[in-house]
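J.: Handing you this structure, nothing more for now.
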Amino acid sequence: MYEDYWNLKARPFENTAIPAFYYPAESAQGTLLKLRYAVENRRGAALLTGGEGLGKTLLAQLLLEQLPEPFTPKVHVVFPYMPADQLLAYIVRELVGVEQSATSTIADSVQAIRRGLRENTRAGNHAVLVIDEAHLVADFNALETLRLLTNLETDGMLDMTLLLVGQTEILPALKRTPAFETRLAVKCMVKALTADETASYVLHRLTTAGARREIFTPEALERLHQITNGAPRRINRLCDLALLIAFAEEQSVISAEQIEAVHEELVAVSTD
């Protein structure tokens, strides 16, 4: 809607995991390095956690894209909130390409995964299973079954690396299952952006979208960080709305006052 007005080739602040818009903040880069270590050294499991809207899903997708060819198949489960038997049946289908029948048990699914992963390992490959929104895995049986999958090995090599990605609510659940926590080769927590990183993040996304001039003033970027606390999802929402309103009002740049006004009128909605 506003792309032509700002001379942009795309909307720069979409809340989708588009790798081209990835900004290599220090915390994110360190996290990717640790996760690659866990996978490429064929460790059993790893954890990626952090608050809401900090870009965990994007980091998981980038990790899968950056892994060398032998790390396959790569499965990304984005909604694991289901009973253990259904979750395992879904993983079987995505991981080893076997459709389970309605009467299949958890044991049947584990056996299907074991057979498929054994063939995969002997072919020189290593599977990667990402469970996104892992804090939603409230079923203890599902969590315990996922842990058991990290024990599968062939000829002395682990068949798969499991990456749990979720909000910090997952940490108490893992503490209640110490056998799982000891399988975690690395534990990473994504941090919010600093004030300087927030400004660089916005500039990076605008430049990637085709911007060739200043759109947000330095004061606007400073106020943006104060309001969003450096959370990328909040930054995206507020910047997108600011671009829209400034376009409607035919403004040439976006000021701190405009950021504040957009936040108060369109984001900080109150019933009073």
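Every chain in the structure tokens takes a letter, A first, then B, and so on in the order presented; its residues are numbered from 1, and the ligands are numbered from 1 following the presented order.
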Do a neighbour search on Glu169 in chain A at 12 Å with only C-alpha atoms, toss out local chain neighbours closer than 3 positions, and write the hits as an mmCIF file with all heavy atoms, in the first residue's frame.

T.:
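So the final result, stored in result_30.cif, reads:
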```
data_model
loop_
_atom_site.group_PDB
_atom_site.id
_atom_site.type_symbol
_atom_site.label_atom_id
_atom_site.label_comp_id
_atom_site.auth_asym_id
_atom_site.auth_seq_id
_atom_site.Cartn_x
_atom_site.Cartn_y
_atom_site.Cartn_z
ATOM 1 N N LEU A 48 16.815 -23.654 22.215
ATOM 2 C CA LEU A 48 16.807 -22.238 21.849
ATOM 3 C C LEU A 48 15.577 -21.614 22.488
ATOM 4 O O LEU A 48 14.450 -21.971 22.160
ATOM 5 C CB LEU A 48 16.751 -22.067 20.326
ATOM 6 C CG LEU A 48 16.527 -20.645 19.790
ATOM 7 C CD1 LEU A 48 17.596 -19.699 20.295
ATOM 8 C CD2 LEU A 48 16.479 -20.652 18.269
ATOM 9 N N THR A 49 15.801 -20.705 23.424
ATOM 10 C CA THR A 49 14.673 -20.107 24.131
ATOM 11 C C THR A 49 14.826 -18.593 24.188
ATOM 12 O O THR A 49 15.854 -18.035 23.790
ATOM 13 C CB THR A 49 14.545 -20.703 25.554
ATOM 14 O OG1 THR A 49 13.332 -20.241 26.150
ATOM 15 C CG2 THR A 49 15.735 -20.303 26.419
ATOM 16 N N GLY A 50 13.794 -17.939 24.689
ATOM 17 C CA GLY A 50 13.790 -16.484 24.766
ATOM 18 C C GLY A 50 12.368 -15.987 24.830
ATOM 19 O O GLY A 50 11.413 -16.746 24.631
ATOM 20 N N GLY A 51 12.210 -14.695 25.100
ATOM 21 C CA GLY A 51 10.883 -14.108 25.194
ATOM 22 C C GLY A 51 10.147 -14.081 23.856
ATOM 23 O O GLY A 51 10.710 -14.376 22.801
ATOM 24 N N GLU A 52 8.893 -13.708 23.926
ATOM 25 C CA GLU A 52 8.062 -13.659 22.729
ATOM 26 C C GLU A 52 8.534 -12.568 21.776
ATOM 27 O O GLU A 52 8.917 -11.478 22.188
ATOM 28 C CB GLU A 52 6.604 -13.403 23.137
ATOM 29 C CG GLU A 52 5.627 -13.379 21.982
ATOM 30 C CD GLU A 52 4.212 -13.100 22.442
ATOM 31 O OE1 GLU A 52 3.997 -12.944 23.649
ATOM 32 O OE2 GLU A 52 3.311 -13.028 21.573
ATOM 33 N N GLU A 133 7.830 -23.682 19.080
ATOM 34 C CA GLU A 133 6.802 -23.487 20.110
ATOM 35 C C GLU A 133 6.823 -24.659 21.098
ATOM 36 O O GLU A 133 5.776 -25.158 21.533
ATOM 37 C CB GLU A 133 5.412 -23.345 19.469
ATOM 38 C CG GLU A 133 5.288 -22.235 18.454
ATOM 39 C CD GLU A 133 5.395 -20.837 19.067
ATOM 40 O OE1 GLU A 133 5.250 -20.709 20.303
ATOM 41 O OE2 GLU A 133 5.618 -19.876 18.327
ATOM 42 N N ALA A 134 8.016 -25.100 21.456
ATOM 43 C CA ALA A 134 8.166 -26.295 22.289
ATOM 44 C C ALA A 134 7.570 -26.121 23.677
ATOM 45 O O ALA A 134 7.276 -27.119 24.350
ATOM 46 C CB ALA A 134 9.644 -26.673 22.389
ATOM 47 N N HIS A 135 7.362 -24.885 24.114
ATOM 48 C CA HIS A 135 6.726 -24.674 25.412
ATOM 49 C C HIS A 135 5.277 -25.148 25.424
ATOM 50 O O HIS A 135 4.671 -25.285 26.485
ATOM 51 C CB HIS A 135 6.794 -23.190 25.802
ATOM 52 C CG HIS A 135 6.190 -22.279 24.792
ATOM 53 N ND1 HIS A 135 6.860 -21.891 23.648
ATOM 54 C CD2 HIS A 135 4.971 -21.682 24.731
ATOM 55 C CE1 HIS A 135 6.093 -21.087 22.941
ATOM 56 N NE2 HIS A 135 4.942 -20.962 23.566
ATOM 57 N N LEU A 136 4.708 -25.390 24.226
ATOM 58 C CA LEU A 136 3.340 -25.896 24.130
ATOM 59 C C LEU A 136 3.262 -27.405 24.311
ATOM 60 O O LEU A 136 2.165 -27.962 24.380
ATOM 61 C CB LEU A 136 2.729 -25.515 22.774
ATOM 62 C CG LEU A 136 2.569 -24.017 22.499
ATOM 63 C CD1 LEU A 136 1.990 -23.798 21.110
ATOM 64 C CD2 LEU A 136 1.672 -23.366 23.555
ATOM 65 N N VAL A 137 4.417 -28.066 24.360
ATOM 66 C CA VAL A 137 4.417 -29.516 24.562
ATOM 67 C C VAL A 137 4.174 -29.766 26.053
ATOM 68 O O VAL A 137 5.093 -30.021 26.825
ATOM 69 C CB VAL A 137 5.743 -30.158 24.113
ATOM 70 C CG1 VAL A 137 5.677 -31.673 24.268
ATOM 71 C CG2 VAL A 137 6.042 -29.794 22.672
ATOM 72 N N ALA A 138 2.896 -29.643 26.428
ATOM 73 C CA ALA A 138 2.540 -29.773 27.839
ATOM 74 C C ALA A 138 2.392 -31.223 28.266
ATOM 75 O O ALA A 138 2.451 -31.542 29.448
ATOM 76 C CB ALA A 138 1.230 -29.019 28.107
ATOM 77 N N VAL A 165 12.704 -25.304 20.381
ATOM 78 C CA VAL A 165 12.634 -23.851 20.242
ATOM 79 C C VAL A 165 11.363 -23.384 20.943
ATOM 80 O O VAL A 165 10.262 -23.809 20.578
ATOM 81 C CB VAL A 165 12.595 -23.425 18.768
ATOM 82 C CG1 VAL A 165 12.521 -21.904 18.641
ATOM 83 C CG2 VAL A 165 13.805 -23.965 18.019
ATOM 84 N N GLY A 166 11.501 -22.541 21.945
ATOM 85 C CA GLY A 166 10.296 -22.121 22.653
ATOM 86 C C GLY A 166 10.539 -20.972 23.596
ATOM 87 O O GLY A 166 11.686 -20.580 23.863
ATOM 88 N N PRO A 172 10.997 -24.524 33.144
ATOM 89 C CA PRO A 172 10.550 -25.330 34.291
ATOM 90 C C PRO A 172 10.216 -26.765 33.911
ATOM 91 O O PRO A 172 10.483 -27.698 34.689
ATOM 92 C CB PRO A 172 9.300 -24.579 34.783
ATOM 93 C CG PRO A 172 9.477 -23.187 34.297
ATOM 94 C CD PRO A 172 10.167 -23.320 32.980
ATOM 95 N N ALA A 173 9.629 -26.971 32.725
ATOM 96 C CA ALA A 173 9.287 -28.329 32.279
ATOM 97 C C ALA A 173 10.542 -29.168 32.119
ATOM 98 O O ALA A 173 10.567 -30.354 32.471
ATOM 99 C CB ALA A 173 8.501 -28.270 30.970
ATOM 100 N N LEU A 174 11.607 -28.574 31.600
ATOM 101 C CA LEU A 174 12.851 -29.311 31.422
ATOM 102 C C LEU A 174 13.512 -29.625 32.769
ATOM 103 O O LEU A 174 14.123 -30.682 32.935
ATOM 104 C CB LEU A 174 13.811 -28.514 30.536
ATOM 105 C CG LEU A 174 13.418 -28.409 29.059
ATOM 106 C CD1 LEU A 174 14.357 -27.470 28.321
ATOM 107 C CD2 LEU A 174 13.413 -29.783 28.402
ATOM 108 N N LYS A 175 13.361 -28.718 33.722
ATOM 109 C CA LYS A 175 13.932 -28.975 35.050
ATOM 110 C C LYS A 175 13.239 -30.155 35.723
ATOM 111 O O LYS A 175 13.838 -30.855 36.538
ATOM 112 C CB LYS A 175 13.812 -27.723 35.920
ATOM 113 C CG LYS A 175 14.810 -26.633 35.561
ATOM 114 C CD LYS A 175 14.734 -25.466 36.539
ATOM 115 C CE LYS A 175 15.785 -24.414 36.184
ATOM 116 N NZ LYS A 175 15.747 -23.257 37.114
#
```

J.: Taking only residues of range 161-227 of chain A that have an atom at most 12 Å from an atom of range 247-269 of chain A, what is each one's shortest atom pair and its distance in Å to one decimal, using only C-alpha atoms, in chain and number order, as JSON lines?

T.:
```
{"residue": "A:Arg213", "atom": "CA", "partner": "A:Val253", "partner_atom": "CA", "distance": 9.6}
{"residue": "A:Glu214", "atom": "CA", "partner": "A:Val253", "partner_atom": "CA", "distance": 7.2}
{"residue": "A:Ile215", "atom": "CA", "partner": "A:Val253", "partner_atom": "CA", "distance": 4.8}
{"residue": "A:Phe216", "atom": "CA", "partner": "A:Ile254", "partner_atom": "CA", "distance": 4.8}
{"residue": "A:Thr217", "atom": "CA", "partner": "A:Ser255", "partner_atom": "CA", "distance": 5.6}
{"residue": "A:Pro218", "atom": "CA", "partner": "A:Ser255", "partner_atom": "CA", "distance": 8.2}
{"residue": "A:Glu219", "atom": "CA", "partner": "A:Ala256", "partner_atom": "CA", "distance": 5.3}
{"residue": "A:Ala220", "atom": "CA", "partner": "A:Ala256", "partner_atom": "CA", "distance": 3.6}
{"residue": "A:Leu221", "atom": "CA", "partner": "A:Ala256", "partner_atom": "CA", "distance": 7.3}
{"residue": "A:Glu222", "atom": "CA", "partner": "A:Ala256", "partner_atom": "CA", "distance": 7.7}
{"residue": "A:Arg223", "atom": "CA", "partner": "A:Ala256", "partner_atom": "CA", "distance": 5.9}
{"residue": "A:Leu224", "atom": "CA", "partner": "A:Ile259", "partner_atom": "CA", "distance": 6.7}
{"residue": "A:His225", "atom": "CA", "partner": "A:Ile259", "partner_atom": "CA", "distance": 10.4}
{"residue": "A:Gln226", "atom": "CA", "partner": "A:Glu260", "partner_atom": "CA", "distance": 10.2}
{"residue": "A:Ile227", "atom": "CA", "partner": "A:His263", "partner_atom": "CA", "distance": 8.1}
```

J.: Generate a file of the selected residues that holds N, CA and C atoms, formatted as a CSV table (one decimal), in the first residue's frame.

T.:
```csv
chain,number,residue,atom,x,y,z
A,213,ARG,N,17.1,6.5,1.2
A,213,ARG,CA,17.2,7.8,2.0
A,213,ARG,C,16.7,7.6,3.4
A,214,GLU,N,17.0,8.6,4.2
A,214,GLU,CA,16.5,8.5,5.6
A,214,GLU,C,15.0,8.5,5.7
A,215,ILE,N,14.4,7.6,6.4
A,215,ILE,CA,12.9,7.7,6.6
A,215,ILE,C,12.6,7.9,8.1
A,216,PHE,N,13.3,7.2,9.0
A,216,PHE,CA,13.1,7.5,10.4
A,216,PHE,C,14.3,8.3,10.9
A,217,THR,N,13.9,9.4,11.7
A,217,THR,CA,15.0,10.2,12.2
A,217,THR,C,15.7,9.5,13.4
A,218,PRO,N,16.9,9.9,13.7
A,218,PRO,CA,17.6,9.3,14.9
A,218,PRO,C,16.8,9.3,16.1
A,219,GLU,N,16.0,10.4,16.4
A,219,GLU,CA,15.2,10.5,17.6
A,219,GLU,C,14.0,9.5,17.5
A,220,ALA,N,13.5,9.3,16.3
A,220,ALA,CA,12.4,8.3,16.2
A,220,ALA,C,12.9,6.9,16.5
A,221,LEU,N,14.1,6.6,16.1
A,221,LEU,CA,14.7,5.3,16.3
A,221,LEU,C,14.9,5.1,17.8
A,222,GLU,N,15.4,6.2,18.5
A,222,GLU,CA,15.6,6.1,19.9
A,222,GLU,C,14.3,5.8,20.7
A,223,ARG,N,13.3,6.6,20.3
A,223,ARG,CA,12.0,6.4,20.9
A,223,ARG,C,11.4,5.0,20.6
A,224,LEU,N,11.6,4.5,19.4
A,224,LEU,CA,11.2,3.2,19.0
A,224,LEU,C,11.7,2.1,19.9
A,225,HIS,N,13.0,2.3,20.2
A,225,HIS,CA,13.6,1.3,21.1
A,225,HIS,C,13.1,1.4,22.5
A,226,GLN,N,12.8,2.6,23.0
A,226,GLN,CA,12.3,2.7,24.3
A,226,GLN,C,10.9,2.1,24.4
A,227,ILE,N,10.1,2.2,23.4
A,227,ILE,CA,8.7,1.7,23.4
A,227,ILE,C,8.7,0.2,23.3
```

J.: Hey, what does DSSP flag as strand (DSSP E) within range 119-217 of chain A? Can you give it to me as a ChimeraX atom specification?

T.: /A:127-131,153-154,157-158,160-166,184-189

J.: Name the residues of range 188-251 of chain A that come out as alpha helix (DSSP H) in a backbone DSSP run; write them as a count of residues only.

T.: 42

J.: Could you please determine the separation between CA of Ala107 in chain A and CA of Asp85 in chain A in Å, to one decimal place?

T.: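 Separation between CA of Ala107 in chain A and CA of Asp85 in chain A: 8.9 Å.
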
J.: Kindly assemble as a Markdown table a list of the range 157-258 of chain A residues that lie within 6 Å of range 9-29 of chain A, each paired with its nearest atom pair and their distance in Å to one decimal, using only C-alpha atoms, sorted first by chain and then by ascending residue number.

T.:
```
| residue | atom | partner | partner_atom | distance |
| --- | --- | --- | --- | --- |
| A:Tyr201 | CA | A:Tyr23 | CA | 5.9 |
| A:Arg205 | CA | A:Pro12 | CA | 5.4 |
| A:Leu206 | CA | A:Pro12 | CA | 5.6 |
| A:Ala209 | CA | A:Ala10 | CA | 5.1 |
| A:Gly210 | CA | A:Lys9 | CA | 5.4 |
| A:Asn236 | CA | A:Phe13 | CA | 4.7 |
| A:Asp240 | CA | A:Phe13 | CA | 5.7 |
```

J.: Counting only C-alpha atoms, figure out which residue out of A:Ala46, A:Cys188, A:Ala142, A:Val110 gets nearest to Val128 in chain A.

T.: A:Ala46

J.: Counting only C-alpha atoms, figure out which residue out of A:Met189, A:Pro178, A:Thr121, A:Glu65 gets nearest to Gly156 in chain A.

T.: A:Thr121

J.: With distances taken over only C-alpha atoms, which of A:Thr177, A:Thr154, A:Thr208, A:Gln167 is nearest to Asn125 in chain A?

T.: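 Selected residue with least distance to Asn125 in chain A: A:Thr154.
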
J.: With a distance cut-off of 7 Å and only C-alpha atoms, select the neighbouring residues of range 35-38 of chain A, excluding the residue or stretch itself and same-chain residues fewer than 5 positions from it, and output the selection as number ranges by chain.

T.: A: 43, 46, 63, 185-186

J.: Nearest to Ala112 in chain A: which of A:Cys239, A:Leu47, A:Leu95, A:Leu32 is it, counting only C-alpha atoms?

T.: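 Among the listed residues, the smallest separation from Ala112 in chain A belongs to A:Leu95.
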
J.: Smallest atom-to-atom distance to Arg233 in chain A: which of A:Lys56, A:Lys74, A:Arg42, A:Lys34, using only C-alpha atoms?

T.: A:Lys56

J.: Could you pull the residues within 10 Å of Gln86 in chain A, counting only C-alpha atoms, minus those fewer than 6 positions along the same chain, as an MDAnalysis selection string?

T.: chainID A and resid 80 92 100 102 104:106 109 142

J.: Kindly save the residues from that selection, with C-alpha atoms included, as a compact mmCIF listing (two decimals), in the first residue's frame.

T.:
```
# COMPACT_ATOMS: atom_id res chain seq x y z
CA PRO A 80 3.48 -29.36 18.45
CA VAL A 92 7.17 -40.14 11.30
CA GLN A 100 1.04 -44.24 10.13
CA ALA A 102 -5.09 -44.75 12.77
CA SER A 104 -0.56 -47.08 15.21
CA THR A 105 0.83 -46.76 18.73
CA ILE A 106 3.68 -44.64 20.03
CA SER A 109 5.94 -44.69 15.46
CA ALA A 142 5.23 -36.27 24.43
```
